[in-house]
file data20.cif (mmCIF, C-alpha atoms and all ligand atoms)
data_data
loop_
_atom_site.group_PDB
_atom_site.id
_atom_site.type_symbol
_atom_site.label_atom_id
_atom_site.label_comp_id
_atom_site.auth_asym_id
_atom_site.auth_seq_id
_atom_site.Cartn_x
_atom_site.Cartn_y
_atom_site.Cartn_z
ATOM 1 C CA MET F 239 95.819 94.647 114.052
ATOM 2 C CA ILE F 240 97.268 94.092 117.481
ATOM 3 C CA GLN F 241 95.954 96.675 119.872
ATOM 4 C CA ASP F 242 98.256 97.631 122.681
ATOM 5 C CA PRO F 243 96.285 98.836 125.725
ATOM 6 C CA ASN F 244 98.978 101.481 126.187
ATOM 7 C CA ASP F 245 98.334 102.810 122.715
ATOM 8 C CA PRO F 246 94.802 104.161 122.732
ATOM 9 C CA GLY F 247 95.436 105.918 119.438
ATOM 10 C CA MET F 248 94.980 102.781 117.331
ATOM 11 C CA PRO F 249 91.460 101.858 116.272
ATOM 12 C CA PRO F 250 90.240 98.410 117.279
ATOM 13 C CA GLU F 251 90.361 95.951 114.449
ATOM 14 C CA ALA F 252 87.718 93.345 115.309
ATOM 15 C CA PRO F 253 85.065 93.445 112.570
ATOM 16 C CA GLU F 254 82.185 93.814 115.001
ATOM 17 C CA GLN F 255 83.881 96.759 116.664
ATOM 18 C CA ARG F 256 85.222 98.223 113.505
ATOM 19 C CA GLU F 257 81.844 98.935 111.976
ATOM 20 C CA ASN F 258 80.801 101.220 114.827
ATOM 21 C CA ASP F 259 84.234 102.668 115.077
ATOM 22 C CA GLU F 260 84.415 103.610 111.474
ATOM 23 C CA LYS F 261 80.946 105.159 111.563
ATOM 24 C CA ASP F 262 81.862 107.306 114.537
ATOM 25 C CA GLU F 263 85.504 107.920 113.791
ATOM 26 C CA LYS F 264 86.078 108.039 110.071
ATOM 27 C CA ASP F 265 82.809 109.694 109.076
ATOM 28 C CA LYS F 266 83.737 112.439 111.483
ATOM 29 C CA ASN F 267 87.278 112.632 110.228
ATOM 30 C CA VAL F 268 86.925 112.255 106.477
ATOM 31 C CA ASN F 269 87.929 115.674 105.462
ATOM 32 C CA LYS F 270 86.415 117.175 102.359
ATOM 33 C CA ALA F 271 89.411 119.477 102.015
ATOM 34 C CA ASP F 272 91.686 116.415 101.978
ATOM 35 C CA GLU F 273 89.638 114.827 99.220
ATOM 36 C CA ALA F 274 89.849 117.982 97.177
ATOM 37 C CA SER F 275 93.517 118.772 97.740
ATOM 38 C CA PRO F 276 95.854 118.369 94.780
ATOM 39 C CA SER F 277 98.817 115.995 94.867
ATOM 40 C CA ALA F 278 101.685 117.238 96.997
ATOM 41 C CA THR F 279 104.273 115.798 94.627
ATOM 42 C CA PRO F 280 104.129 115.043 90.914
ATOM 43 C CA ALA F 281 104.175 111.405 89.762
ATOM 44 C CA ALA F 282 107.656 109.993 89.101
ATOM 45 C CA PRO F 283 108.531 109.607 85.421
ATOM 46 C CA GLY F 284 107.147 106.355 84.073
ATOM 47 C CA ALA F 285 104.942 105.722 87.122
ATOM 48 C CA PRO F 286 101.198 105.271 86.672
ATOM 49 C CA ALA F 287 99.410 108.376 87.921
ATOM 50 C CA PHE F 288 97.558 107.554 91.159
ATOM 51 C CA PRO F 289 94.537 109.762 91.842
ATOM 52 C CA ARG F 290 96.193 111.652 94.674
ATOM 53 C CA ARG F 291 93.069 113.604 95.522
ATOM 54 C CA ILE F 292 91.822 110.675 97.584
ATOM 55 C CA ARG F 293 93.886 109.176 100.395
ATOM 56 C CA SER F 294 93.529 105.751 101.972
ATOM 57 C CA PHE F 295 93.861 107.128 105.501
ATOM 58 C CA VAL F 296 92.681 109.981 107.664
ATOM 59 C CA THR F 297 95.076 111.798 109.912
ATOM 60 C CA ARG F 298 94.429 110.677 113.487
ATOM 61 C CA ALA F 299 95.853 112.436 116.516
ATOM 62 C CA GLY F 300 96.601 109.173 118.402
ATOM 63 C CA ARG F 301 98.436 109.486 121.683
ATOM 64 C CA VAL F 302 102.078 108.420 121.646
ATOM 65 C CA SER F 303 102.921 106.556 124.877
ATOM 66 C CA THR F 304 106.032 107.388 126.890
ATOM 67 C CA GLY F 305 107.754 104.199 125.725
ATOM 68 C CA GLN F 306 106.899 104.880 122.110
ATOM 69 C CA ARG F 307 108.186 108.472 122.421
ATOM 70 C CA ARG F 308 111.442 107.208 123.859
ATOM 71 C CA ALA F 309 111.748 104.685 121.021
ATOM 72 C CA LEU F 310 110.996 107.392 118.446
ATOM 73 C CA ASP F 311 113.639 109.684 119.935
ATOM 74 C CA GLU F 312 116.349 107.095 120.569
ATOM 75 C CA LEU F 313 115.871 104.611 117.712
ATOM 76 C CA GLY F 314 114.214 106.825 115.119
ATOM 77 C CA PRO F 315 117.502 108.231 113.811
ATOM 78 C CA ARG F 316 118.769 104.694 113.089
ATOM 79 C CA PHE F 317 115.639 102.956 111.780
ATOM 80 C CA VAL F 318 113.317 105.680 110.439
ATOM 81 C CA VAL F 319 114.138 106.854 106.931
ATOM 82 C CA PRO F 320 112.886 110.380 106.222
ATOM 83 C CA TYR F 321 110.542 110.624 103.245
ATOM 84 C CA ALA F 322 112.153 112.111 100.135
ATOM 85 C CA ALA F 323 110.754 112.535 96.639
ATOM 86 C CA SER F 324 113.676 110.629 95.100
ATOM 87 C CA PRO F 325 114.856 106.979 95.081
ATOM 88 C CA ALA F 326 116.487 105.835 98.321
ATOM 89 C CA ASP F 327 119.752 103.865 98.336
ATOM 90 C CA TRP F 328 118.374 100.862 100.233
ATOM 91 C CA ASP F 329 121.620 98.860 100.161
ATOM 92 C CA THR F 330 123.336 101.692 102.004
ATOM 93 C CA LEU F 331 120.399 102.185 104.379
ATOM 94 C CA PHE F 332 120.389 98.478 105.333
ATOM 95 C CA GLY F 333 124.165 98.133 105.128
ATOM 96 C CA ARG F 334 123.929 95.087 102.853
ATOM 97 C CA HIS F 335 122.347 93.760 99.658
ATOM 98 C CA ALA F 336 119.522 91.317 100.507
ATOM 99 C CA PRO F 337 116.045 90.443 99.236
ATOM 100 C CA ARG F 338 113.750 93.356 100.037
ATOM 101 C CA VAL F 339 110.082 93.246 101.082
ATOM 102 C CA LEU F 340 107.863 96.294 101.540
ATOM 103 C CA GLU F 341 104.896 96.369 103.927
ATOM 104 C CA ILE F 342 102.128 98.929 103.572
ATOM 105 C CA GLY F 343 100.269 100.043 106.721
ATOM 106 C CA PHE F 344 101.932 97.902 109.404
ATOM 107 C CA GLY F 345 99.682 99.232 112.202
ATOM 108 C CA MET F 346 101.447 98.481 115.500
ATOM 109 C CA GLY F 347 104.079 96.407 113.706
ATOM 110 C CA ALA F 348 103.533 93.072 115.484
ATOM 111 C CA SER F 349 103.404 91.053 112.248
ATOM 112 C CA THR F 350 106.275 93.072 110.753
ATOM 113 C CA ALA F 351 108.566 92.298 113.677
ATOM 114 C CA GLU F 352 107.585 88.630 113.796
ATOM 115 C CA ILE F 353 108.205 88.149 110.072
ATOM 116 C CA ALA F 354 111.489 90.079 110.133
ATOM 117 C CA ALA F 355 112.711 87.975 113.082
ATOM 118 C CA ALA F 356 111.808 84.759 111.247
ATOM 119 C CA ARG F 357 113.458 85.880 107.992
ATOM 120 C CA PRO F 358 116.807 87.410 109.035
ATOM 121 C CA ASN F 359 118.287 87.117 105.555
ATOM 122 C CA GLU F 360 115.721 89.515 104.092
ATOM 123 C CA ASP F 361 115.209 93.237 104.639
ATOM 124 C CA PHE F 362 111.816 94.811 105.391
ATOM 125 C CA ILE F 363 110.678 98.348 104.613
ATOM 126 C CA GLY F 364 107.610 99.223 106.710
ATOM 127 C CA VAL F 365 105.467 102.187 105.724
ATOM 128 C CA GLU F 366 102.899 103.591 108.149
ATOM 129 C CA VAL F 367 101.416 107.044 108.637
ATOM 130 C CA HIS F 368 100.373 106.649 112.269
ATOM 131 C CA GLU F 369 103.075 107.815 114.695
ATOM 132 C CA PRO F 370 102.131 105.581 117.689
ATOM 133 C CA GLY F 371 102.449 102.593 115.320
ATOM 134 C CA VAL F 372 105.925 103.720 114.281
ATOM 135 C CA GLY F 373 106.888 104.048 117.955
ATOM 136 C CA ALA F 374 105.423 100.604 118.700
ATOM 137 C CA LEU F 375 107.428 98.932 115.925
ATOM 138 C CA LEU F 376 110.599 100.701 117.080
ATOM 139 C CA LYS F 377 110.011 99.244 120.560
ATOM 140 C CA LEU F 378 109.710 95.759 119.055
ATOM 141 C CA ILE F 379 112.878 96.307 117.020
ATOM 142 C CA ASP F 380 114.657 97.200 120.240
ATOM 143 C CA GLU F 381 113.200 94.344 122.301
ATOM 144 C CA GLN F 382 114.058 91.753 119.656
ATOM 145 C CA GLN F 383 117.307 93.408 118.532
ATOM 146 C CA LEU F 384 116.171 93.377 114.906
ATOM 147 C CA THR F 385 118.456 94.929 112.321
ATOM 148 C CA ASN F 386 116.544 94.156 109.112
ATOM 149 C CA ILE F 387 113.702 96.699 109.331
ATOM 150 C CA ARG F 388 113.572 100.309 108.167
ATOM 151 C CA ILE F 389 110.499 102.503 108.612
ATOM 152 C CA ILE F 390 109.063 105.385 106.631
ATOM 153 C CA GLN F 391 106.308 107.433 108.272
ATOM 154 C CA HIS F 392 104.535 108.713 105.193
ATOM 155 C CA ASP F 393 101.799 107.946 102.677
ATOM 156 C CA ALA F 394 102.793 104.619 101.086
ATOM 157 C CA VAL F 395 101.545 105.764 97.692
ATOM 158 C CA GLU F 396 104.092 108.583 97.556
ATOM 159 C CA VAL F 397 106.819 106.397 99.063
ATOM 160 C CA ILE F 398 106.353 103.783 96.351
ATOM 161 C CA GLU F 399 106.090 106.359 93.584
ATOM 162 C CA HIS F 400 109.248 108.186 94.573
ATOM 163 C CA MET F 401 111.520 106.156 96.870
ATOM 164 C CA ILE F 402 111.281 102.686 95.339
ATOM 165 C CA GLU F 403 112.787 102.088 91.915
ATOM 166 C CA PRO F 404 110.928 99.925 89.372
ATOM 167 C CA GLY F 405 111.664 96.184 89.438
ATOM 168 C CA THR F 406 113.511 96.202 92.785
ATOM 169 C CA LEU F 407 111.205 94.565 95.366
ATOM 170 C CA ASP F 408 111.075 90.833 96.167
ATOM 171 C CA GLY F 409 107.716 91.092 97.902
ATOM 172 C CA VAL F 410 104.952 93.411 99.074
ATOM 173 C CA HIS F 411 102.704 92.818 102.110
ATOM 174 C CA VAL F 412 99.357 94.569 102.496
ATOM 175 C CA PHE F 413 97.801 93.030 105.600
ATOM 176 C CA PHE F 414 94.300 94.101 106.613
ATOM 177 C CA PRO F 415 94.255 97.480 104.855
ATOM 178 C CA ASP F 416 91.488 99.810 106.039
ATOM 179 C CA PRO F 417 88.320 98.329 104.508
ATOM 180 C CA TRP F 418 86.397 101.595 104.142
ATOM 181 C CA HIS F 419 83.226 99.553 104.335
ATOM 182 C CA LYS F 420 80.712 102.175 103.188
ATOM 183 C CA ALA F 421 80.182 102.214 99.428
ATOM 184 C CA ARG F 422 80.760 105.964 99.247
ATOM 185 C CA HIS F 423 84.193 105.456 100.863
ATOM 186 C CA HIS F 424 85.318 102.576 98.640
ATOM 187 C CA LYS F 425 87.274 105.087 96.559
ATOM 188 C CA ARG F 426 89.636 105.335 99.554
ATOM 189 C CA ARG F 427 90.549 101.662 99.471
ATOM 190 C CA LEU F 428 94.212 101.072 98.646
ATOM 191 C CA ILE F 429 93.721 98.112 96.351
ATOM 192 C CA GLN F 430 92.547 99.830 93.169
ATOM 193 C CA PRO F 431 93.754 99.338 89.585
ATOM 194 C CA THR F 432 96.111 102.340 89.347
ATOM 195 C CA PHE F 433 97.787 101.620 92.677
ATOM 196 C CA VAL F 434 98.128 97.914 91.932
ATOM 197 C CA ALA F 435 99.771 98.793 88.595
ATOM 198 C CA LEU F 436 102.210 101.016 90.488
ATOM 199 C CA LEU F 437 102.936 98.250 93.009
ATOM 200 C CA ALA F 438 103.409 95.645 90.265
ATOM 201 C CA SER F 439 105.891 97.942 88.510
ATOM 202 C CA ARG F 440 108.091 97.952 91.656
ATOM 203 C CA LEU F 441 108.228 94.127 91.897
ATOM 204 C CA LYS F 442 111.019 92.101 90.334
ATOM 205 C CA PRO F 443 109.785 89.532 87.802
ATOM 206 C CA GLY F 444 108.583 86.544 89.854
ATOM 207 C CA ALA F 445 108.278 88.604 93.065
ATOM 208 C CA TYR F 446 105.092 88.384 95.130
ATOM 209 C CA LEU F 447 102.263 90.658 96.260
ATOM 210 C CA HIS F 448 100.430 89.336 99.334
ATOM 211 C CA CYS F 449 97.188 90.959 100.507
ATOM 212 C CA ALA F 450 94.979 89.824 103.366
ATOM 213 C CA THR F 451 91.612 91.107 104.555
ATOM 214 C CA ASP F 452 88.769 90.099 106.845
ATOM 215 C CA TRP F 453 86.145 91.959 104.791
ATOM 216 C CA GLN F 454 84.568 89.713 102.184
ATOM 217 C CA ASN F 455 83.535 92.601 99.955
ATOM 218 C CA TYR F 456 87.110 93.956 99.959
ATOM 219 C CA ALA F 457 88.472 90.442 99.324
ATOM 220 C CA GLU F 458 86.254 90.245 96.245
ATOM 221 C CA GLN F 459 87.492 93.648 95.080
ATOM 222 C CA MET F 460 91.104 92.542 95.639
ATOM 223 C CA LEU F 461 90.563 89.369 93.633
ATOM 224 C CA GLU F 462 88.995 91.318 90.783
ATOM 225 C CA VAL F 463 91.593 94.117 90.711
ATOM 226 C CA LEU F 464 94.677 91.904 91.119
ATOM 227 C CA GLY F 465 93.273 89.396 88.628
ATOM 228 C CA ALA F 466 92.752 92.130 86.044
ATOM 229 C CA ASP F 467 96.324 93.455 86.200
ATOM 230 C CA PRO F 468 98.105 92.072 83.124
ATOM 231 C CA SER F 469 101.525 91.958 84.806
ATOM 232 C CA LEU F 470 100.326 89.808 87.754
ATOM 233 C CA GLU F 471 99.337 86.163 87.978
ATOM 234 C CA ASN F 472 97.516 84.419 90.803
ATOM 235 C CA THR F 473 99.441 81.696 92.652
ATOM 236 C CA ALA F 474 96.104 80.052 93.563
ATOM 237 C CA ALA F 475 92.809 79.379 91.786
ATOM 238 C CA ASP F 476 91.323 82.349 93.686
ATOM 239 C CA TYR F 477 92.071 82.912 97.393
ATOM 240 C CA ALA F 478 95.299 81.403 98.719
ATOM 241 C CA PRO F 479 95.851 79.440 101.916
ATOM 242 C CA ARG F 480 97.472 81.688 104.542
ATOM 243 C CA PRO F 481 101.224 81.462 103.967
ATOM 244 C CA ASP F 482 103.003 80.218 107.111
ATOM 245 C CA TYR F 483 105.053 83.417 107.396
ATOM 246 C CA ARG F 484 101.950 85.594 108.028
ATOM 247 C CA PRO F 485 101.201 85.448 111.759
ATOM 248 C CA VAL F 486 97.591 85.168 112.897
ATOM 249 C CA THR F 487 96.928 88.322 114.884
ATOM 250 C CA LYS F 488 95.015 88.433 118.155
ATOM 251 C CA PHE F 489 92.030 90.124 116.522
ATOM 252 C CA GLU F 490 92.089 87.793 113.566
ATOM 253 C CA ARG F 491 91.990 84.836 115.941
ATOM 254 C CA ARG F 492 89.038 86.315 117.774
ATOM 255 C CA GLY F 493 87.261 87.077 114.492
ATOM 256 C CA LEU F 494 87.822 83.516 113.328
ATOM 257 C CA ARG F 495 86.344 82.251 116.607
ATOM 258 C CA LEU F 496 83.271 84.383 115.950
ATOM 259 C CA GLY F 497 82.938 82.840 112.513
ATOM 260 C CA HIS F 498 84.332 85.731 110.453
ATOM 261 C CA GLY F 499 86.399 84.883 107.396
ATOM 262 C CA VAL F 500 89.921 85.946 106.439
ATOM 263 C CA TRP F 501 91.067 85.949 102.838
ATOM 264 C CA ASP F 502 94.694 85.859 101.641
ATOM 265 C CA LEU F 503 95.629 86.691 98.061
ATOM 266 C CA VAL F 504 99.115 85.924 96.770
ATOM 267 C CA PHE F 505 99.971 87.086 93.262
ATOM 268 C CA LYS F 506 103.320 87.102 91.447
ATOM 269 C CA ARG F 507 104.688 89.441 88.827
ATOM 270 C CA ARG F 508 104.831 87.672 85.493
ATOM 271 C CA ARG F 509 108.329 86.919 84.236
ATOM 272 C CA GLN F 510 107.827 87.611 80.528
HETATM 273 C C1 LIG F 601 93.445 98.412 109.502
HETATM 274 S S1 LIG F 601 95.105 98.849 109.860
HETATM 275 C C2 LIG F 601 95.984 97.299 109.685
HETATM 276 C C3 LIG F 601 97.318 97.308 110.358
HETATM 277 C C4 LIG F 601 98.167 96.030 110.236
HETATM 278 N N1 LIG F 601 98.543 95.781 108.871
HETATM 279 C C5 LIG F 601 97.498 94.833 110.853
HETATM 280 O O1 LIG F 601 97.251 93.858 110.149
HETATM 281 O O2 LIG F 601 97.225 94.870 112.061
HETATM 282 C C6 LIG F 601 95.612 99.718 108.390
HETATM 283 C C7 LIG F 601 96.822 100.590 108.623
HETATM 284 O O3 LIG F 601 97.234 101.132 107.376
HETATM 285 C C8 LIG F 601 97.681 102.462 107.594
HETATM 286 N N2 LIG F 601 97.573 103.152 106.297
HETATM 287 C C9 LIG F 601 96.458 103.351 105.572
HETATM 288 N N3 LIG F 601 96.749 103.962 104.421
HETATM 289 C C10 LIG F 601 98.094 104.152 104.410
HETATM 290 C C11 LIG F 601 98.984 104.742 103.486
HETATM 291 N N4 LIG F 601 98.543 105.255 102.334
HETATM 292 N N5 LIG F 601 100.288 104.794 103.780
HETATM 293 C C12 LIG F 601 100.748 104.276 104.962
HETATM 294 N N6 LIG F 601 99.944 103.696 105.886
HETATM 295 C C13 LIG F 601 98.630 103.635 105.611
HETATM 296 C C14 LIG F 601 96.763 102.997 108.681
HETATM 297 O O4 LIG F 601 97.364 104.069 109.391
HETATM 298 C C15 LIG F 601 96.565 101.754 109.563
HETATM 299 O O5 LIG F 601 97.508 101.700 110.603
#

call {"tool": "encode", "arguments": {"input": "data20.cif", "output": "structure tokens"}}
result
Amino acid sequence: MIQDPNDPGMPPEAPEQRENDEKDEKDKNVNKADEASPSATPAAPGAPAFPRRIRSFVTRAGRVSTGQRRALDELGPRFVVPYAASPADWDTLFGRHAPRVLEIGFGMGASTAEIAAARPNEDFIGVEVHEPGVGALLKLIDEQQLTNIRIIQHDAVEVIEHMIEPGTLDGVHVFFPDPWHKARHHKRRLIQPTFVALLASRLKPGAYLHCATDWQNYAEQMLEVLGADPSLENTAADYAPRPDYRPVTKFERRGLRLGHGVWDLVFKRRRQ
């Protein structure tokens, strides 16, 4: 995750910092009431039921900088799609019909913007719950005059259940999802069988699901869960080489220098 010094709301991503951060931050914030709350919206017909009692994120206050606030106010109406519990008309929202890739948890949006700039013939739906991150990506959209990104500020699980129709996505990116490193928090990890089944159902046959993590234990869980989904097949023997389109983030580069690993997993939906 790129950390912008003007955006103190985002947690640092470097593994050595993250451990302390998560102890101090997430332990404090994991809200028992949140864990026990029932689903806000019922599962869409035909969608696998995701255990909505447990969320993959905690609500963080996170300060929105002046520039991010301006971007939210001025560009939000054009690029931010309000959450709705019904399928969105993406062709109308993008103003064209093009291959469509969804990214879950884009953080500050640096990778999202870089990929969207490099792939102008594709459209990118970014989902993120953290408002400073939404503001940061809007700033990048403005700076780079990008037209092929739309943002939803909402829980990606509900977005995928309700706003994305089955068999419509050309790709899904899940880059460095929160690792929830303590065993008792593993239930909060995004990459779990029911959610992967939901994701796979939204892919077109032959479309890809690309996950990346710098936590070995989460990489192993990803490999096991993705490998066990009958509608997905691995494009590699196990972990994949980093595809050229995924930028190496500042923190990833530093982690690599310190000898930490990064694992990419690229699966495709079976065509049968
Ligand atoms: C560790 S950060 C990684 C950010 C970015 N992908 C990167 O590589 O720098 C994970 C992000 O996922 C977001 N997130 C976690 N669960 C989410 C969910 N269910 N829906 C939307 N965003 C989520 C968090 O707010 C956080 O910004």

call {"tool": "resolve_selection", "arguments": {"input": "data20.cif", "expression": "the PyMOL selection byres (((chain F and resi 337) around 7) and not hetatm)", "output": "list in words"}}
result
Ala336, Arg338, Val339, Glu360, Asp361 and Asp408 of chain F

call {"tool": "closest_residue", "arguments": {"input": "data20.cif", "among": "F:Tyr321, F:Phe414, F:Phe362, F:Phe489", "to": "ligand LIG 601 (chain F)", "atoms": "all atoms listed in the file"}}
result
F:Phe414

call {"tool": "closest_atom_pairs", "arguments": {"input": "data20.cif", "of": "chain F", "to": "ligand LIG 601 (chain F)", "cutoff": "9 Å", "atoms": "all atoms listed in the file", "output": "JSON lines"}}
result
{"residue": "F:Met239", "atom": "CA", "partner": "F:LIG601", "partner_atom": "O2", "distance": 2.4}
{"residue": "F:Ile240", "atom": "CA", "partner": "F:LIG601", "partner_atom": "O2", "distance": 5.5}
{"residue": "F:Gln241", "atom": "CA", "partner": "F:LIG601", "partner_atom": "O2", "distance": 8.1}
{"residue": "F:Met248", "atom": "CA", "partner": "F:LIG601", "partner_atom": "O5", "distance": 7.3}
{"residue": "F:Pro249", "atom": "CA", "partner": "F:LIG601", "partner_atom": "C1", "distance": 7.9}
{"residue": "F:Pro250", "atom": "CA", "partner": "F:LIG601", "partner_atom": "C1", "distance": 8.4}
{"residue": "F:Glu251", "atom": "CA", "partner": "F:LIG601", "partner_atom": "C1", "distance": 6.3}
{"residue": "F:Arg293", "atom": "CA", "partner": "F:LIG601", "partner_atom": "N4", "distance": 6.4}
{"residue": "F:Ser294", "atom": "CA", "partner": "F:LIG601", "partner_atom": "N3", "distance": 4.4}
{"residue": "F:Phe295", "atom": "CA", "partner": "F:LIG601", "partner_atom": "N3", "distance": 4.4}
{"residue": "F:Val296", "atom": "CA", "partner": "F:LIG601", "partner_atom": "O4", "distance": 7.7}
{"residue": "F:Thr297", "atom": "CA", "partner": "F:LIG601", "partner_atom": "O4", "distance": 8.1}
{"residue": "F:Arg298", "atom": "CA", "partner": "F:LIG601", "partner_atom": "O4", "distance": 8.3}
{"residue": "F:Glu341", "atom": "CA", "partner": "F:LIG601", "partner_atom": "N1", "distance": 8.1}
{"residue": "F:Ile342", "atom": "CA", "partner": "F:LIG601", "partner_atom": "C12", "distance": 5.7}
{"residue": "F:Gly343", "atom": "CA", "partner": "F:LIG601", "partner_atom": "O3", "distance": 3.3}
{"residue": "F:Phe344", "atom": "CA", "partner": "F:LIG601", "partner_atom": "N1", "distance": 4.0}
{"residue": "F:Gly345", "atom": "CA", "partner": "F:LIG601", "partner_atom": "C3", "distance": 3.6}
{"residue": "F:Met346", "atom": "CA", "partner": "F:LIG601", "partner_atom": "O2", "distance": 6.5}
{"residue": "F:Gly347", "atom": "CA", "partner": "F:LIG601", "partner_atom": "C4", "distance": 6.9}
{"residue": "F:Ala348", "atom": "CA", "partner": "F:LIG601", "partner_atom": "O2", "distance": 7.4}
{"residue": "F:Ser349", "atom": "CA", "partner": "F:LIG601", "partner_atom": "O1", "distance": 7.1}
{"residue": "F:Thr350", "atom": "CA", "partner": "F:LIG601", "partner_atom": "N1", "distance": 8.4}
{"residue": "F:Gly364", "atom": "CA", "partner": "F:LIG601", "partner_atom": "C12", "distance": 8.7}
{"residue": "F:Val365", "atom": "CA", "partner": "F:LIG601", "partner_atom": "C12", "distance": 5.2}
{"residue": "F:Glu366", "atom": "CA", "partner": "F:LIG601", "partner_atom": "N6", "distance": 3.7}
{"residue": "F:Val367", "atom": "CA", "partner": "F:LIG601", "partner_atom": "N6", "distance": 4.6}
{"residue": "F:His368", "atom": "CA", "partner": "F:LIG601", "partner_atom": "O4", "distance": 4.9}
{"residue": "F:Glu369", "atom": "CA", "partner": "F:LIG601", "partner_atom": "O4", "distance": 8.6}
{"residue": "F:Gly371", "atom": "CA", "partner": "F:LIG601", "partner_atom": "O5", "distance": 6.9}
{"residue": "F:Ile390", "atom": "CA", "partner": "F:LIG601", "partner_atom": "C12", "distance": 8.6}
{"residue": "F:Gln391", "atom": "CA", "partner": "F:LIG601", "partner_atom": "C12", "distance": 7.2}
{"residue": "F:His392", "atom": "CA", "partner": "F:LIG601", "partner_atom": "C12", "distance": 5.8}
{"residue": "F:Asp393", "atom": "CA", "partner": "F:LIG601", "partner_atom": "N5", "distance": 3.7}
{"residue": "F:Ala394", "atom": "CA", "partner": "F:LIG601", "partner_atom": "N5", "distance": 3.7}
{"residue": "F:Val395", "atom": "CA", "partner": "F:LIG601", "partner_atom": "N4", "distance": 5.6}
{"residue": "F:Glu396", "atom": "CA", "partner": "F:LIG601", "partner_atom": "N4", "distance": 8.0}
{"residue": "F:Val397", "atom": "CA", "partner": "F:LIG601", "partner_atom": "N5", "distance": 8.2}
{"residue": "F:His411", "atom": "CA", "partner": "F:LIG601", "partner_atom": "N1", "distance": 8.5}
{"residue": "F:Val412", "atom": "CA", "partner": "F:LIG601", "partner_atom": "N1", "distance": 6.5}
{"residue": "F:Phe413", "atom": "CA", "partner": "F:LIG601", "partner_atom": "N1", "distance": 4.3}
{"residue": "F:Phe414", "atom": "CA", "partner": "F:LIG601", "partner_atom": "O1", "distance": 4.6}
{"residue": "F:Pro415", "atom": "CA", "partner": "F:LIG601", "partner_atom": "C6", "distance": 4.4}
{"residue": "F:Asp416", "atom": "CA", "partner": "F:LIG601", "partner_atom": "C1", "distance": 4.2}
{"residue": "F:Pro417", "atom": "CA", "partner": "F:LIG601", "partner_atom": "C1", "distance": 7.2}
{"residue": "F:Arg426", "atom": "CA", "partner": "F:LIG601", "partner_atom": "N3", "distance": 8.7}
{"residue": "F:Arg427", "atom": "CA", "partner": "F:LIG601", "partner_atom": "N3", "distance": 8.3}
{"residue": "F:Leu428", "atom": "CA", "partner": "F:LIG601", "partner_atom": "N3", "distance": 6.9}
{"residue": "F:Ala450", "atom": "CA", "partner": "F:LIG601", "partner_atom": "O1", "distance": 8.2}
{"residue": "F:Thr451", "atom": "CA", "partner": "F:LIG601", "partner_atom": "O1", "distance": 8.4}
{"residue": "F:Thr487", "atom": "CA", "partner": "F:LIG601", "partner_atom": "O2", "distance": 7.1}
{"residue": "F:Phe489", "atom": "CA", "partner": "F:LIG601", "partner_atom": "O2", "distance": 8.3}
{"residue": "F:Glu490", "atom": "CA", "partner": "F:LIG601", "partner_atom": "O1", "distance": 8.7}

call {"tool": "closest_residue", "arguments": {"input": "data20.cif", "among": "F:Glu403, F:Glu458, F:Glu381, F:Asp476", "to": "Ile429 (chain F)", "atoms": "all atoms listed in the file"}}
result
F:Glu458

call {"tool": "residues_around", "arguments": {"input": "data20.cif", "residues": "region 301-317 of chain F", "least_positions_apart": "6", "cutoff": "6 Å", "atoms": "only C-alpha atoms", "output": "number ranges by chain"}}
result
F: 247, 370, 373-374, 376-377, 388

call {"tool": "atom_distance", "arguments": {"input": "data20.cif", "atom1": "CA of Asp380 (chain F)", "atom2": "CA of Ala351 (chain F)"}}
result
10.2 Å

call {"tool": "closest_residue", "arguments": {"input": "data20.cif", "among": "F:Lys488, F:Ala299, F:Tyr477, F:Pro468", "to": "Gln510 (chain F)", "atoms": "only C-alpha atoms"}}
result
F:Pro468

call {"tool": "atom_distance", "arguments": {"input": "data20.cif", "atom1": "CA of Gly300 (chain F)", "atom2": "CA of Ile387 (chain F)"}}
result
23.0 Å

call {"tool": "residues_near_point", "arguments": {"input": "data20.cif", "point": "(102.4, 94.3, 91.3)", "cutoff": "9 Å", "atoms": "only C-alpha atoms", "output": "PDB file with C-alpha atoms, in the frame of the given file"}}
result
ATOM      1  CA  VAL F 410     104.952  93.411  99.074  1.00  0.00           C
ATOM      2  CA  PHE F 433      97.787 101.620  92.677  1.00  0.00           C
ATOM      3  CA  VAL F 434      98.128  97.914  91.932  1.00  0.00           C
ATOM      4  CA  ALA F 435      99.771  98.793  88.595  1.00  0.00           C
ATOM      5  CA  LEU F 436     102.210 101.016  90.488  1.00  0.00           C
ATOM      6  CA  LEU F 437     102.936  98.250  93.009  1.00  0.00           C
ATOM      7  CA  ALA F 438     103.409  95.645  90.265  1.00  0.00           C
ATOM      8  CA  SER F 439     105.891  97.942  88.510  1.00  0.00           C
ATOM      9  CA  ARG F 440     108.091  97.952  91.656  1.00  0.00           C
ATOM     10  CA  LEU F 441     108.228  94.127  91.897  1.00  0.00           C
ATOM     11  CA  LYS F 442     111.019  92.101  90.334  1.00  0.00           C
ATOM     12  CA  ALA F 445     108.278  88.604  93.065  1.00  0.00           C
ATOM     13  CA  TYR F 446     105.092  88.384  95.130  1.00  0.00           C
ATOM     14  CA  LEU F 447     102.263  90.658  96.260  1.00  0.00           C
ATOM     15  CA  LEU F 464      94.677  91.904  91.119  1.00  0.00           C
ATOM     16  CA  ASP F 467      96.324  93.455  86.200  1.00  0.00           C
ATOM     17  CA  SER F 469     101.525  91.958  84.806  1.00  0.00           C
ATOM     18  CA  LEU F 470     100.326  89.808  87.754  1.00  0.00           C
ATOM     19  CA  PHE F 505      99.971  87.086  93.262  1.00  0.00           C
ATOM     20  CA  LYS F 506     103.320  87.102  91.447  1.00  0.00           C
ATOM     21  CA  ARG F 507     104.688  89.441  88.827  1.00  0.00           C
TER      22      ARG F 507
END
